[in-house]
Amino acid sequence: MSREPNTANKTAWGRLTVDGLWSNNVVLAQSLALCPLLAVTGTATNGLGMGLATTAVMIASGILIALIRGWVTPEVRIPIFVLVIAVLVTLVDLGMNAWLHDLHKMLGLFIPLIVTNCAILGRAESFASRNSVLPAAFDGLMMGIGFTLVLMLLGAVREIIGSGTLFANASLLLGEGMSFLEVTLIPDYRGFLLAILPPGGFIALGFILAGKRLIDTRLAAARQRRDATAGTNALA
């Protein structure tokens, strides 16, 4: 009997992980935060920086909103949630300006615009305000990691095709400790400008979304075949 709660807890944590990274991914499933996604992903480095900043806000907002949910009335919950998110984004903005100034200059206006990211407010309203601190923090972490991975993937695709490099200037933007990320994949590459420009971002994102749809379709078909086989074996 004591194993059932543990199994249920593991299933709940696993569900949150799968939702954040894949099935309910901020970009791939919900199609949210497309403005910063397409604007800052000229390189994988920019995508990583923006993703980490957003993840920090999502975790902190989840924790704070879960803590105050008992004191916030339904009539004013949205303004309160926006205010909490705005305070956290301001702190992240000031921190990046102080310690990651080059990255802060590169991302520019899109750091303050994290406040308007519907994904953060959406998770605050649909999950953090209805759950305790630990699940809310974990949900923010998984959603943030899923968003960061898509930012990095899109940035990497555009950077490789457009410049032949990967994580260019990581040591300048993220600190000397990140210099190991810098890779030149195609030496003496003349570049492909379209990949770095906004149209290239839309095209690359379209291929990524199509890839996810294809994988989901094949997984669903495999699941149906497995269920059918299990049903046949049970009848036999």
# chains A, B, ... in the order shown; residues from 1 in each chain; ligands from 1
>>> closest_atom_pairs(of="stretch 8-54 of chain A", to="stretch 198-220 of chain A", cutoff="8 Å", atoms="only C-alpha atoms", output="Markdown table")
| residue | atom | partner | partner_atom | distance |
| --- | --- | --- | --- | --- |
| A:Leu28 | CA | A:Leu209 | CA | 6.0 |
| A:Leu38 | CA | A:Gly201 | CA | 5.6 |
| A:Ala39 | CA | A:Pro198 | CA | 7.1 |
| A:Thr41 | CA | A:Gly201 | CA | 7.6 |
| A:Gly42 | CA | A:Gly201 | CA | 7.9 |
>>> write_last_selection(atoms="N, CA, C and O atoms", output="PDB file, in the first residue's frame")
ATOM      1  N   LEU A  28       6.489  24.693 -29.145  1.00  0.00           N
ATOM      2  CA  LEU A  28       6.116  23.628 -30.063  1.00  0.00           C
ATOM      3  C   LEU A  28       4.651  23.234 -29.964  1.00  0.00           C
ATOM      4  O   LEU A  28       4.053  22.790 -30.945  1.00  0.00           O
ATOM      5  N   LEU A  38      11.840  34.443 -32.371  1.00  0.00           N
ATOM      6  CA  LEU A  38      12.316  34.749 -33.717  1.00  0.00           C
ATOM      7  C   LEU A  38      13.282  35.926 -33.729  1.00  0.00           C
ATOM      8  O   LEU A  38      14.124  36.029 -34.616  1.00  0.00           O
ATOM      9  N   ALA A  39      13.193  36.798 -32.728  1.00  0.00           N
ATOM     10  CA  ALA A  39      14.002  38.019 -32.744  1.00  0.00           C
ATOM     11  C   ALA A  39      15.427  37.791 -32.263  1.00  0.00           C
ATOM     12  O   ALA A  39      16.357  38.420 -32.772  1.00  0.00           O
ATOM     13  N   THR A  41      17.130  34.714 -31.862  1.00  0.00           N
ATOM     14  CA  THR A  41      17.779  33.438 -32.143  1.00  0.00           C
ATOM     15  C   THR A  41      18.649  33.470 -33.395  1.00  0.00           C
ATOM     16  O   THR A  41      18.753  32.483 -34.118  1.00  0.00           O
ATOM     17  N   GLY A  42      19.313  34.605 -33.638  1.00  0.00           N
ATOM     18  CA  GLY A  42      20.282  34.640 -34.726  1.00  0.00           C
ATOM     19  C   GLY A  42      21.472  33.744 -34.439  1.00  0.00           C
ATOM     20  O   GLY A  42      22.135  33.260 -35.353  1.00  0.00           O
TER      21      GLY A  42
END
>>> select_by_dssp(residues="stretch 110-159 of chain A", states="alpha helix (DSSP H)", output="PyMOL selection string")
chain A and resi 118-126+133-159
>>> write_last_selection(atoms="N, CA and C atoms", output="compact mmCIF listing (two decimals), in the first residue's frame")
# COMPACT_ATOMS: atom_id res chain seq x y z
N CYS A 118 3.21 35.47 -22.63
CA CYS A 118 1.95 34.85 -22.19
C CYS A 118 2.18 33.50 -21.53
N ALA A 119 3.27 32.84 -21.86
CA ALA A 119 3.54 31.53 -21.27
C ALA A 119 3.73 31.64 -19.76
N ILE A 120 4.42 32.69 -19.30
CA ILE A 120 4.68 32.85 -17.87
C ILE A 120 3.38 33.14 -17.13
N LEU A 121 2.60 34.09 -17.64
CA LEU A 121 1.32 34.40 -17.01
C LEU A 121 0.37 33.22 -17.08
N GLY A 122 0.42 32.50 -18.19
CA GLY A 122 -0.46 31.35 -18.34
C GLY A 122 -0.17 30.26 -17.33
N ARG A 123 1.11 29.96 -17.09
CA ARG A 123 1.46 28.94 -16.10
C ARG A 123 1.15 29.42 -14.69
N ALA A 124 1.31 30.73 -14.47
CA ALA A 124 0.98 31.27 -13.16
C ALA A 124 -0.50 31.10 -12.87
N GLU A 125 -1.33 31.34 -13.86
CA GLU A 125 -2.78 31.26 -13.69
C GLU A 125 -3.26 29.81 -13.64
N SER A 126 -2.76 28.98 -14.54
CA SER A 126 -3.30 27.62 -14.69
C SER A 126 -2.67 26.61 -13.75
N VAL A 133 4.23 24.94 -3.51
CA VAL A 133 5.46 25.59 -3.98
C VAL A 133 6.31 24.65 -4.83
N LEU A 134 6.56 23.44 -4.34
CA LEU A 134 7.49 22.54 -5.03
C LEU A 134 7.00 22.16 -6.42
N PRO A 135 5.76 21.72 -6.59
CA PRO A 135 5.29 21.45 -7.96
C PRO A 135 5.31 22.70 -8.85
N ALA A 136 4.97 23.86 -8.29
CA ALA A 136 4.97 25.09 -9.09
C ALA A 136 6.38 25.43 -9.56
N ALA A 137 7.37 25.28 -8.68
CA ALA A 137 8.75 25.54 -9.06
C ALA A 137 9.23 24.54 -10.11
N PHE A 138 8.88 23.28 -9.94
CA PHE A 138 9.30 22.25 -10.90
C PHE A 138 8.64 22.47 -12.26
N ASP A 139 7.37 22.87 -12.25
CA ASP A 139 6.68 23.17 -13.50
C ASP A 139 7.35 24.33 -14.22
N GLY A 140 7.70 25.39 -13.46
CA GLY A 140 8.41 26.51 -14.06
C GLY A 140 9.76 26.10 -14.63
N LEU A 141 10.46 25.22 -13.92
CA LEU A 141 11.76 24.74 -14.40
C LEU A 141 11.62 23.97 -15.70
N MET A 142 10.67 23.05 -15.76
CA MET A 142 10.50 22.24 -16.97
C MET A 142 10.02 23.07 -18.15
N MET A 143 9.08 23.98 -17.90
CA MET A 143 8.61 24.85 -18.97
C MET A 143 9.75 25.75 -19.47
N GLY A 144 10.55 26.24 -18.53
CA GLY A 144 11.68 27.08 -18.92
C GLY A 144 12.73 26.32 -19.70
N ILE A 145 13.04 25.10 -19.26
CA ILE A 145 14.03 24.29 -19.98
C ILE A 145 13.51 23.96 -21.39
N GLY A 146 12.23 23.61 -21.49
CA GLY A 146 11.67 23.33 -22.81
C GLY A 146 11.75 24.53 -23.74
N PHE A 147 11.46 25.71 -23.21
CA PHE A 147 11.56 26.94 -23.99
C PHE A 147 13.01 27.21 -24.38
N THR A 148 13.93 27.02 -23.43
CA THR A 148 15.35 27.25 -23.70
C THR A 148 15.88 26.31 -24.78
N LEU A 149 15.47 25.05 -24.72
CA LEU A 149 15.94 24.08 -25.72
C LEU A 149 15.49 24.47 -27.12
N VAL A 150 14.25 24.94 -27.25
CA VAL A 150 13.77 25.37 -28.57
C VAL A 150 14.53 26.61 -29.04
N LEU A 151 14.76 27.56 -28.13
CA LEU A 151 15.55 28.74 -28.48
C LEU A 151 16.94 28.34 -28.97
N MET A 152 17.58 27.44 -28.25
CA MET A 152 18.92 27.01 -28.63
C MET A 152 18.91 26.25 -29.95
N LEU A 153 17.91 25.39 -30.13
CA LEU A 153 17.82 24.62 -31.38
C LEU A 153 17.63 25.53 -32.57
N LEU A 154 16.68 26.45 -32.46
CA LEU A 154 16.44 27.37 -33.57
C LEU A 154 17.66 28.25 -33.81
N GLY A 155 18.27 28.76 -32.73
CA GLY A 155 19.47 29.57 -32.89
C GLY A 155 20.61 28.80 -33.50
N ALA A 156 20.77 27.53 -33.10
CA ALA A 156 21.85 26.71 -33.65
C ALA A 156 21.65 26.46 -35.14
N VAL A 157 20.41 26.14 -35.53
CA VAL A 157 20.13 25.89 -36.95
C VAL A 157 20.42 27.14 -37.78
N ARG A 158 19.94 28.28 -37.33
CA ARG A 158 20.15 29.52 -38.07
C ARG A 158 21.63 29.92 -38.10
N GLU A 159 22.32 29.71 -36.98
CA GLU A 159 23.73 30.09 -36.92
C GLU A 159 24.60 29.19 -37.79
>>> atom_distance(atom1="atom CA of A:Ser61", atom2="atom CA of A:Ala128")
8.2 Å
>>> atom_distance(atom1="atom CA of A:Asn131", atom2="atom CA of A:Gly62")
9.3 Å
>>> residues_around(residues="A:Val92", least_positions_apart="2", cutoff="8 Å", atoms="only C-alpha atoms", output="PDB file with N, CA, C and O atoms, in the first residue's frame")
ATOM      1  N   ALA A  53      17.274  33.434 -18.863  1.00  0.00           N
ATOM      2  CA  ALA A  53      16.600  34.553 -18.199  1.00  0.00           C
ATOM      3  C   ALA A  53      15.111  34.247 -18.013  1.00  0.00           C
ATOM      4  O   ALA A  53      14.537  34.490 -16.940  1.00  0.00           O
ATOM      5  N   ALA A  56      14.570  31.554 -15.284  1.00  0.00           N
ATOM      6  CA  ALA A  56      14.694  32.105 -13.931  1.00  0.00           C
ATOM      7  C   ALA A  56      13.400  32.796 -13.503  1.00  0.00           C
ATOM      8  O   ALA A  56      12.936  32.638 -12.370  1.00  0.00           O
ATOM      9  N   VAL A  57      12.813  33.554 -14.412  1.00  0.00           N
ATOM     10  CA  VAL A  57      11.554  34.248 -14.099  1.00  0.00           C
ATOM     11  C   VAL A  57      10.419  33.245 -13.881  1.00  0.00           C
ATOM     12  O   VAL A  57       9.600  33.402 -12.967  1.00  0.00           O
ATOM     13  N   LEU A  88      10.064  40.518 -10.944  1.00  0.00           N
ATOM     14  CA  LEU A  88      11.109  39.520 -11.188  1.00  0.00           C
ATOM     15  C   LEU A  88      11.880  39.816 -12.473  1.00  0.00           C
ATOM     16  O   LEU A  88      13.105  39.669 -12.521  1.00  0.00           O
ATOM     17  N   VAL A  89      11.174  40.228 -13.511  1.00  0.00           N
ATOM     18  CA  VAL A  89      11.845  40.567 -14.768  1.00  0.00           C
ATOM     19  C   VAL A  89      12.764  41.765 -14.571  1.00  0.00           C
ATOM     20  O   VAL A  89      13.878  41.805 -15.114  1.00  0.00           O
ATOM     21  N   THR A  90      12.342  42.744 -13.792  1.00  0.00           N
ATOM     22  CA  THR A  90      13.193  43.898 -13.502  1.00  0.00           C
ATOM     23  C   THR A  90      14.472  43.472 -12.795  1.00  0.00           C
ATOM     24  O   THR A  90      15.577  43.951 -13.121  1.00  0.00           O
ATOM     25  N   LEU A  94      18.198  43.924 -14.370  1.00  0.00           N
ATOM     26  CA  LEU A  94      19.278  44.637 -13.675  1.00  0.00           C
ATOM     27  C   LEU A  94      20.470  43.724 -13.434  1.00  0.00           C
ATOM     28  O   LEU A  94      21.631  44.138 -13.569  1.00  0.00           O
ATOM     29  N   GLY A  95      20.209  42.472 -13.079  1.00  0.00           N
ATOM     30  CA  GLY A  95      21.297  41.534 -12.848  1.00  0.00           C
ATOM     31  C   GLY A  95      22.095  41.254 -14.110  1.00  0.00           C
ATOM     32  O   GLY A  95      23.336  41.214 -14.082  1.00  0.00           O
ATOM     33  N   MET A  96      21.411  41.067 -15.230  1.00  0.00           N
ATOM     34  CA  MET A  96      22.120  40.827 -16.490  1.00  0.00           C
ATOM     35  C   MET A  96      22.900  42.064 -16.926  1.00  0.00           C
ATOM     36  O   MET A  96      24.008  41.955 -17.463  1.00  0.00           O
TER      37      MET A  96
END
>>> atom_distance(atom1="atom CA of A:Ala170", atom2="atom CA of A:Asn97")
16.3 Å
>>> residues_around(residues="A:Thr116", least_positions_apart="5", cutoff="9 Å", atoms="only C-alpha atoms", output="list in words")
Ala33, Val82, Ala86 and Leu121 of chain A
>>> select_by_dssp(residues="stretch 4-232 of chain A", states="strand (DSSP E or B)", output="list in words")
Thr165, Leu166, Val183 and Thr184 of chain A
>>> residues_around(residues="A:Val183", least_positions_apart="3", cutoff="8 Å", atoms="only C-alpha atoms", output="JSON, numbers by chain")
{"A": [165, 166, 167, 168, 180]}
>>> write_last_selection(atoms="C-alpha atoms", output="PDB file, in the first residue's frame")
ATOM      1  CA  THR A 165      29.602  28.506 -36.421  1.00  0.00           C
ATOM      2  CA  LEU A 166      27.978  27.339 -33.192  1.00  0.00           C
ATOM      3  CA  PHE A 167      27.728  29.369 -29.958  1.00  0.00           C
ATOM      4  CA  ALA A 168      29.803  32.181 -31.463  1.00  0.00           C
ATOM      5  CA  PHE A 180      34.373  25.759 -24.621  1.00  0.00           C
TER       6      PHE A 180
END
